[in-house]
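Listing of run-v7.txt, compact mmCIF, C-alpha atoms
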```txt
# COMPACT_ATOMS: atom_id res chain seq x y z
CA ALA B 258 0.50 -3.48 22.50
CA ARG B 259 -0.68 -3.75 18.91
CA TRP B 260 -3.62 -2.87 16.76
CA LEU B 261 -5.59 -5.75 15.27
CA LEU B 262 -6.99 -4.91 11.90
CA GLY B 263 -8.63 -6.77 9.09
CA THR B 264 -10.44 -10.06 9.50
CA GLU B 265 -11.79 -12.59 11.93
CA ALA B 266 -9.54 -15.41 13.03
CA VAL B 267 -10.54 -18.96 12.20
CA PRO B 268 -12.01 -21.09 15.03
CA ASN B 269 -9.87 -22.59 17.79
CA GLY B 270 -9.30 -26.26 18.51
CA ALA B 271 -10.06 -29.00 16.04
CA GLY B 272 -12.05 -26.66 13.85
CA LYS B 273 -9.04 -24.37 13.48
CA ALA B 274 -6.93 -26.80 11.46
CA ALA B 275 -9.88 -27.82 9.31
CA ALA B 276 -10.84 -24.20 8.61
CA ALA B 277 -7.25 -23.27 7.80
CA GLU B 278 -6.95 -26.24 5.45
CA GLY B 279 -10.17 -25.24 3.72
CA LEU B 280 -8.95 -21.68 3.28
CA ALA B 281 -5.68 -22.91 1.83
CA ASP B 282 -7.65 -24.74 -0.85
CA LYS B 283 -9.49 -21.59 -1.88
CA TRP B 284 -7.18 -18.69 -1.12
CA ARG B 285 -3.44 -18.12 -1.41
CA LEU B 286 -3.20 -15.13 0.90
CA PRO B 287 0.24 -13.60 1.49
CA SER B 288 1.82 -13.90 4.92
CA HIS B 289 2.65 -10.18 4.71
CA ILE B 290 1.66 -7.24 2.54
CA VAL B 291 4.41 -4.63 2.26
CA LEU B 292 3.40 -1.19 0.97
CA LEU B 293 6.41 0.94 0.05
CA ARG B 294 6.48 4.57 -1.00
CA HIS B 295 9.31 5.35 -3.42
CA GLY B 296 12.57 6.88 -2.25
CA GLU B 297 13.25 10.60 -2.15
CA SER B 298 12.71 12.03 -5.64
CA LEU B 299 14.00 15.15 -7.29
CA GLY B 300 10.49 16.55 -7.00
CA ASN B 301 10.52 16.05 -3.22
CA ILE B 302 13.40 18.49 -2.84
CA LYS B 303 12.81 20.83 -5.79
CA GLU B 304 9.17 21.32 -6.74
CA SER B 305 10.07 23.56 -9.66
CA VAL B 306 11.18 20.50 -11.67
CA TYR B 307 7.52 19.62 -12.17
CA ARG B 308 7.29 22.63 -14.50
CA VAL B 309 9.77 21.14 -16.97
CA ILE B 310 9.80 17.36 -16.35
CA PRO B 311 6.65 15.23 -16.62
CA ASP B 312 5.69 13.87 -13.19
CA TRP B 313 6.05 10.25 -14.32
CA GLN B 314 9.67 10.88 -15.39
CA ILE B 315 10.88 12.45 -12.11
CA PRO B 316 13.89 10.37 -10.93
CA LEU B 317 15.24 9.51 -7.50
CA THR B 318 17.96 11.55 -5.88
CA GLU B 319 21.13 9.80 -4.76
CA ARG B 320 19.73 9.92 -1.24
CA GLY B 321 16.55 8.32 -2.57
CA LYS B 322 18.54 5.45 -4.08
CA LEU B 323 20.25 4.89 -0.73
CA GLN B 324 16.85 4.90 0.99
CA ALA B 325 15.63 2.30 -1.50
CA ARG B 326 18.61 0.03 -0.84
CA ASN B 327 17.97 0.30 2.90
CA ALA B 328 14.28 -0.44 2.31
CA GLY B 329 15.29 -3.55 0.36
CA ARG B 330 17.14 -4.84 3.42
CA LYS B 331 14.14 -4.12 5.64
CA ILE B 332 11.84 -5.95 3.22
CA LEU B 333 14.23 -8.89 3.11
CA ASP B 334 14.00 -9.10 6.91
CA VAL B 335 10.23 -9.51 6.49
CA VAL B 336 10.54 -11.92 3.56
CA GLY B 337 13.12 -14.27 5.06
CA LYS B 338 13.13 -17.41 2.89
CA ARG B 339 9.65 -16.83 1.49
CA LYS B 340 8.81 -16.18 -2.15
CA VAL B 341 7.92 -12.66 -3.27
CA VAL B 342 5.25 -11.20 -5.57
CA ILE B 343 5.80 -7.56 -6.58
CA TYR B 344 3.55 -4.98 -8.21
CA TYR B 345 4.97 -1.53 -8.96
CA SER B 346 3.93 1.82 -10.39
CA PRO B 347 5.39 2.65 -13.82
CA TYR B 348 6.69 6.05 -12.68
CA THR B 349 10.47 6.48 -12.93
CA ARG B 350 10.92 7.04 -9.19
CA THR B 351 9.10 3.81 -8.33
CA VAL B 352 10.91 1.83 -11.03
CA GLU B 353 14.27 3.08 -9.70
CA THR B 354 13.17 2.17 -6.16
CA LEU B 355 12.25 -1.32 -7.36
CA ASP B 356 15.65 -1.72 -9.07
CA GLN B 357 17.40 -1.11 -5.75
CA ILE B 358 15.11 -3.53 -3.92
CA LEU B 359 15.75 -6.29 -6.46
CA GLU B 360 19.48 -5.91 -5.81
CA THR B 361 18.77 -7.05 -2.24
CA ILE B 362 16.23 -9.89 -2.61
CA PRO B 363 17.68 -13.13 -4.06
CA ALA B 364 16.43 -13.63 -7.61
CA GLU B 365 15.27 -17.20 -6.93
CA GLN B 366 12.76 -15.88 -4.35
CA VAL B 367 11.15 -13.38 -6.73
CA CYS B 368 8.25 -15.07 -8.53
CA ILE B 369 6.29 -12.22 -10.09
CA VAL B 370 7.35 -8.65 -10.94
CA GLN B 371 4.45 -6.85 -12.60
CA GLU B 372 4.11 -3.22 -13.66
CA GLU B 373 0.70 -1.90 -12.64
CA PRO B 374 -0.44 1.54 -13.92
CA ARG B 375 -3.46 1.59 -11.60
CA ILE B 376 -1.20 2.15 -8.57
CA ARG B 377 0.52 5.19 -10.10
CA GLU B 378 0.68 8.63 -8.48
CA GLN B 379 -2.34 10.91 -8.34
CA ASP B 380 -2.49 12.93 -11.57
CA PHE B 381 -1.85 16.61 -10.76
CA GLY B 382 -2.05 17.73 -14.41
CA ASN B 383 0.51 17.34 -17.18
CA TYR B 384 2.85 20.06 -15.92
CA GLN B 385 2.69 21.93 -12.62
CA ASP B 386 3.06 25.70 -12.76
CA GLY B 387 3.84 28.22 -10.06
CA THR B 388 0.30 28.13 -8.69
CA MET B 389 0.56 24.52 -7.47
CA LYS B 390 1.61 25.49 -3.92
CA ASP B 391 -1.57 27.56 -3.51
CA ILE B 392 -3.67 24.81 -5.08
CA LYS B 393 -2.33 22.26 -2.57
CA LYS B 394 -3.23 24.60 0.30
CA GLU B 395 -6.74 24.84 -1.14
CA ARG B 396 -6.87 21.01 -1.26
CA VAL B 397 -6.23 20.80 2.50
CA ARG B 398 -9.05 23.29 3.18
CA PHE B 399 -11.45 21.56 0.78
CA GLY B 400 -10.61 17.96 1.76
CA ARG B 401 -7.90 15.79 0.20
CA PHE B 402 -10.19 12.97 -0.86
CA PHE B 403 -12.67 14.92 -2.99
CA PHE B 404 -10.52 17.84 -4.18
CA ARG B 405 -9.81 17.62 -7.90
CA PHE B 406 -6.66 19.17 -9.34
CA PRO B 407 -7.20 21.27 -12.48
CA GLU B 408 -6.76 18.91 -15.46
CA GLY B 409 -5.93 16.16 -12.95
CA GLU B 410 -7.48 13.67 -10.52
CA SER B 411 -9.17 13.74 -7.16
CA GLY B 412 -8.34 11.32 -4.36
CA ALA B 413 -11.68 9.68 -5.15
CA ASP B 414 -10.46 8.95 -8.69
CA VAL B 415 -7.36 7.24 -7.32
CA TYR B 416 -9.57 5.26 -4.92
CA ASP B 417 -11.58 3.98 -7.89
CA ARG B 418 -8.56 2.65 -9.75
CA VAL B 419 -7.12 1.15 -6.57
CA SER B 420 -10.45 -0.66 -6.18
CA SER B 421 -10.05 -1.99 -9.71
CA PHE B 422 -6.55 -3.19 -8.81
CA PHE B 423 -8.07 -5.13 -5.91
CA GLU B 424 -9.95 -7.26 -8.41
CA THR B 425 -6.61 -8.31 -9.89
CA LEU B 426 -5.20 -9.02 -6.45
CA PHE B 427 -8.16 -11.16 -5.47
CA ARG B 428 -7.83 -13.20 -8.64
CA GLN B 429 -4.17 -13.66 -7.71
CA PHE B 430 -5.15 -14.70 -4.21
CA LYS B 431 -7.53 -17.32 -5.61
CA ARG B 432 -5.07 -18.73 -8.15
CA ASN B 433 -3.87 -22.14 -6.98
CA PRO B 434 -1.08 -22.79 -7.47
CA ILE B 435 0.52 -19.38 -8.03
CA SER B 436 3.25 -19.58 -10.63
CA LYS B 437 6.58 -20.67 -9.11
CA ILE B 438 5.13 -20.95 -5.59
CA GLY B 439 4.55 -24.41 -4.13
CA PRO B 440 1.14 -25.27 -2.63
CA ASP B 441 2.56 -25.21 0.91
CA GLU B 442 4.83 -22.18 0.50
CA ASP B 443 4.18 -18.77 2.05
CA TYR B 444 4.81 -15.65 0.05
CA VAL B 445 5.03 -11.90 0.62
CA LEU B 446 3.20 -9.33 -1.49
CA VAL B 447 5.21 -6.14 -2.11
CA ILE B 448 3.63 -3.03 -3.65
CA VAL B 449 5.95 -0.18 -4.66
CA SER B 450 3.85 2.92 -5.11
CA HIS B 451 3.17 6.48 -3.92
CA GLY B 452 2.06 8.09 -0.68
CA ILE B 453 -1.57 8.86 -1.47
CA THR B 454 -2.01 5.57 -3.33
CA ILE B 455 -0.78 3.65 -0.28
CA ARG B 456 -3.18 5.54 1.99
CA LEU B 457 -6.07 4.81 -0.35
CA PHE B 458 -5.05 1.14 -0.59
CA LEU B 459 -5.34 0.93 3.21
CA MET B 460 -8.63 2.81 3.15
CA ARG B 461 -10.03 0.37 0.60
CA TRP B 462 -8.59 -2.71 2.33
CA PHE B 463 -10.02 -1.89 5.76
CA HIS B 464 -13.15 -0.05 4.58
CA TRP B 465 -12.20 3.20 6.29
CA THR B 466 -14.44 6.22 5.82
CA VAL B 467 -13.51 9.42 4.00
CA ARG B 468 -13.19 11.15 7.36
CA ASP B 469 -10.78 8.44 8.48
CA PHE B 470 -8.72 8.98 5.34
CA GLU B 471 -8.46 12.69 6.05
CA LYS B 472 -6.60 11.86 9.30
CA LEU B 473 -3.81 10.06 7.43
CA TRP B 474 -0.60 11.49 5.97
CA ASN B 475 1.93 10.06 3.56
CA PRO B 476 4.43 7.61 5.08
CA PRO B 477 8.07 8.72 4.86
CA ASN B 478 9.98 7.82 1.71
CA CYS B 479 10.95 4.13 1.67
CA GLU B 480 9.59 3.37 5.16
CA PRO B 481 7.64 0.11 4.65
CA ILE B 482 4.06 -0.22 5.86
CA VAL B 483 3.74 -3.92 6.72
CA LEU B 484 0.47 -5.82 7.20
CA THR B 485 1.06 -9.20 8.85
CA ARG B 486 -1.37 -12.10 8.61
CA ARG B 487 -1.83 -14.21 11.71
CA GLU B 488 -0.95 -17.85 11.24
CA ASP B 489 -3.95 -20.04 10.42
CA SER B 490 -6.26 -17.05 10.18
CA LEU B 491 -7.49 -14.29 7.90
CA LEU B 492 -6.52 -11.55 10.35
CA TYR B 493 -3.99 -8.92 9.29
CA GLU B 494 -2.29 -6.79 11.92
CA LEU B 495 -0.92 -3.27 11.62
CA PRO B 496 1.48 -2.56 14.54
CA PRO B 497 1.56 0.88 16.23
CA GLU B 498 4.83 1.73 14.47
CA MET B 499 3.06 1.50 11.12
CA TRP B 500 0.27 3.76 12.37
CA ARG B 501 2.84 6.34 13.44
CA ARG B 502 4.32 6.32 9.94
CA LEU B 503 0.87 7.35 8.72
CA GLY B 504 0.62 10.18 11.24
CA ILE B 505 -1.75 8.33 13.62
CA THR B 506 -1.14 7.42 17.27
CA HIS B 507 -3.02 4.92 19.44
CA ASP B 508 -4.53 7.89 21.30
CA ALA B 509 -6.55 8.77 18.20
CA PRO B 510 -7.34 5.46 16.44
CA ILE B 511 -9.20 5.12 13.18
CA PRO B 512 -12.31 2.93 13.49
CA VAL B 513 -12.42 0.20 10.88
CA ASN B 514 -14.92 -2.17 9.37
CA TYR B 515 -13.60 -5.70 9.40
CA PHE B 516 -12.96 -7.43 6.11
CA GLN B 517 -13.07 -11.17 5.64
CA PHE B 518 -11.96 -13.26 2.66
CA PRO B 519 -13.84 -14.03 0.56
CA VAL B 520 -16.93 -12.24 1.94
CA HIS B 521 -17.49 -8.60 2.91
CA TYR B 522 -19.44 -7.80 6.02
CA CYS B 523 -19.82 -4.74 8.21
CA SER B 524 -19.41 -5.08 11.96
CA GLN B 525 -18.78 -1.37 12.71
CA LYS B 526 -16.31 -2.35 15.42
CA PRO B 527 -13.39 -0.08 16.30
CA CYS B 528 -9.77 -1.20 16.43
CA THR B 529 -8.96 -2.97 19.68
CA MET B 530 -5.75 -3.01 21.67
CA GLN B 531 -4.22 -6.29 22.84
CA THR B 532 -1.29 -6.45 25.23
```
Please go through the file and, once you have read it, give me the structure as structure tokens.
Amino acid sequence: ARWLLGTEAVPNGAGKAAAAEGLADKWRLPSHIVLLRHGESLGNIKESVYRVIPDWQIPLTERGKLQARNAGRKILDVVGKRKVVIYYSPYTRTVETLDQILETIPAEQVCIVQEEPRIREQDFGNYQDGTMKDIKKERVRFGRFFFRFPEGESGADVYDRVSSFFETLFRQFKRNPISKIGPDEDYVLVIVSHGITIRLFLMRWFHWTVRDFEKLWNPPNCEPIVLTRREDSLLYELPPEMWRRLGITHDAPIPVNYFQFPVHYCSQKPCTMQT
């Protein structure tokens, strides 16, 4: 079984090919969207480092580098012979994760590698003191979307800049041809970012509610979240395995509003299971 998320499929029969051809003229949608949280960082195993090292300079551990290399192989399995477009956060741990991934993907398949500050980590304040553990407990009680860290950001702030990043993505999707990608070639979009940013990307993409967001948790380090587009359609699928990586099972699904390129519309339909 699998969850179907995202958009309506194009019509069947003779209209299907014509609709698909028309979409190809207007949109260069990726065959897959891969969202990857960075590998294990020094901050993941020793929170006290945030008191002396700026968050954006926290490096990967050796285990994190190994995770990133393994993630590169998993991404390559998704990519196959397709071209790749990559956006990444400028934080050290995401840059080091990207470096390991690029060791795996053949250079001739990589068309765009673009640093993107808008998909950086949530800002917790310049340095994190000994009170941060209590503050994070307060965030859970208050609600992770609206809670604002002292001298930092709320989840809502991150949502706003992710929404701004979508404008860039949509311009990329409409660019025809995309640099170094032939008009008939598929490509895979890879985004190397952070746990909360990935959750908010999904929230924005599928128009989930704030209450839906509060059900989600960060995916494990370097475990890819893969959205797959159905052939000749605008429908992206998120398999149950990906839901489990976000802390959700099919017994407690998140309802979604469907999203269609290039038009938004609200159908208020829940996810559906197909076997």
Distance cut-off 10 Å, centre (10.1, -15.6, -9.5) in file coordinates, counting all atoms listed in the file: which residues qualify? Return them as an mmCIF file with C-alpha atoms, in the frame of the given file.
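Wrote it out as selection.cif, contents follow:
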```cif
data_model
loop_
_atom_site.group_PDB
_atom_site.id
_atom_site.type_symbol
_atom_site.label_atom_id
_atom_site.label_comp_id
_atom_site.auth_asym_id
_atom_site.auth_seq_id
_atom_site.Cartn_x
_atom_site.Cartn_y
_atom_site.Cartn_z
ATOM 1 C CA LYS B 340 8.810 -16.180 -2.150
ATOM 2 C CA VAL B 341 7.920 -12.660 -3.270
ATOM 3 C CA VAL B 342 5.250 -11.200 -5.570
ATOM 4 C CA ILE B 343 5.800 -7.560 -6.580
ATOM 5 C CA PRO B 363 17.680 -13.130 -4.060
ATOM 6 C CA ALA B 364 16.430 -13.630 -7.610
ATOM 7 C CA GLU B 365 15.270 -17.200 -6.930
ATOM 8 C CA GLN B 366 12.760 -15.880 -4.350
ATOM 9 C CA VAL B 367 11.150 -13.380 -6.730
ATOM 10 C CA CYS B 368 8.250 -15.070 -8.530
ATOM 11 C CA ILE B 369 6.290 -12.220 -10.090
ATOM 12 C CA VAL B 370 7.350 -8.650 -10.940
ATOM 13 C CA SER B 436 3.250 -19.580 -10.630
ATOM 14 C CA LYS B 437 6.580 -20.670 -9.110
ATOM 15 C CA ILE B 438 5.130 -20.950 -5.590
#
```
For Thr425 (chain B), the nearest of the candidates B:Asp443, B:Glu373, B:Glu378, B:Asp469, counting all atoms listed in the file = B:Glu373
key: Selected residue, from B:Val483, B:Phe403, B:Glu410, B:Glu488, that lies nearest to Arg468 (chain B) when counting only C-alpha atoms   = B:Phe403
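All residues of protein, DNA or RNA that reach within 9 Å of Ile315 (chain B), judged by only C-alpha atoms and not counting those fewer than 4 positions away in the chain, are Ser298, Leu299, Gly300, Val306, Tyr307, Ile310, Pro311, Tyr348, Thr349 and Arg350 of chain B.
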Can you write just those residues out, C-alpha atoms, as a PDB file, in the frame of the given file?
```pdb
ATOM      1  CA  SER B 298      12.710  12.030  -5.640  1.00  0.00           C
ATOM      2  CA  LEU B 299      14.000  15.150  -7.290  1.00  0.00           C
ATOM      3  CA  GLY B 300      10.490  16.550  -7.000  1.00  0.00           C
ATOM      4  CA  VAL B 306      11.180  20.500 -11.670  1.00  0.00           C
ATOM      5  CA  TYR B 307       7.520  19.620 -12.170  1.00  0.00           C
ATOM      6  CA  ILE B 310       9.800  17.360 -16.350  1.00  0.00           C
ATOM      7  CA  PRO B 311       6.650  15.230 -16.620  1.00  0.00           C
ATOM      8  CA  TYR B 348       6.690   6.050 -12.680  1.00  0.00           C
ATOM      9  CA  THR B 349      10.470   6.480 -12.930  1.00  0.00           C
ATOM     10  CA  ARG B 350      10.920   7.040  -9.190  1.00  0.00           C
TER      11      ARG B 350
END
```
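Closest approach to Gln371 (chain B) among B:Glu442, B:Pro347, B:Pro481, B:Glu494: B:Pro347, based on all atoms listed in the file.
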Go through region 307-409 of chain B residue by residue and, counting only C-alpha atoms, keep those with an atom at most 8 Å from region 454-466 of chain B; for each kept residue give the shortest atom pair and its distance in Å to one decimal, ordered by chain and increasing number, as a Markdown table.
```
| residue | atom | partner | partner_atom | distance |
| --- | --- | --- | --- | --- |
| B:Ile376 | CA | B:Thr454 | CA | 6.3 |
| B:Arg377 | CA | B:Thr454 | CA | 7.2 |
| B:Glu378 | CA | B:Thr454 | CA | 6.6 |
| B:Gln379 | CA | B:Thr454 | CA | 7.3 |
```
query = Can you tell me, as an MDAnalysis selection string, what residues are no more than 12 Å from Ile332 (chain B) when counting all atoms listed in the file, ignoring any on the same chain fewer than 5 positions away?
reply = chainID B and resid 289:293 325:327 337:341 343 355 357:363 445:449 479:483
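Here the question is which of B:Trp313, B:Phe399, B:Trp500, B:Tyr344 gets nearest to Gln429 (chain B) using only C-alpha atoms, and that residue is B:Tyr344.
Across the model, the gap from CA of Gly412 (chain B) to CA of Arg320 (chain B) is 28.3 Å.
Comparing the minimum interatomic distances between Ile453 (chain B) and each of B:Met389, B:Leu426, B:Val419, B:Leu484, counting all atoms listed in the file, we find that B:Val419 sits nearest.
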request  = Grab the CA of Ser305 (chain B) to CA of Glu408 (chain B) distance for me, in Å with one decimal place.
outcome  = 18.4 Å
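Our summary of the geometry notes that CA of Val415 (chain B) is positioned 11.1 Å from CA of Pro374 (chain B).
Ranking B:Lys472, B:Arg330, B:His295, B:Lys394 by their shortest atom-to-atom distance to Ser450 (chain B), with only C-alpha atoms included, puts B:His295 first.
Residues with any atom within 8 Å of Gln324 (chain B), counting only C-alpha atoms and excluding same-chain neighbours fewer than 6 positions away, are Gly296, Glu297, Asn478 and Cys479 of chain B.
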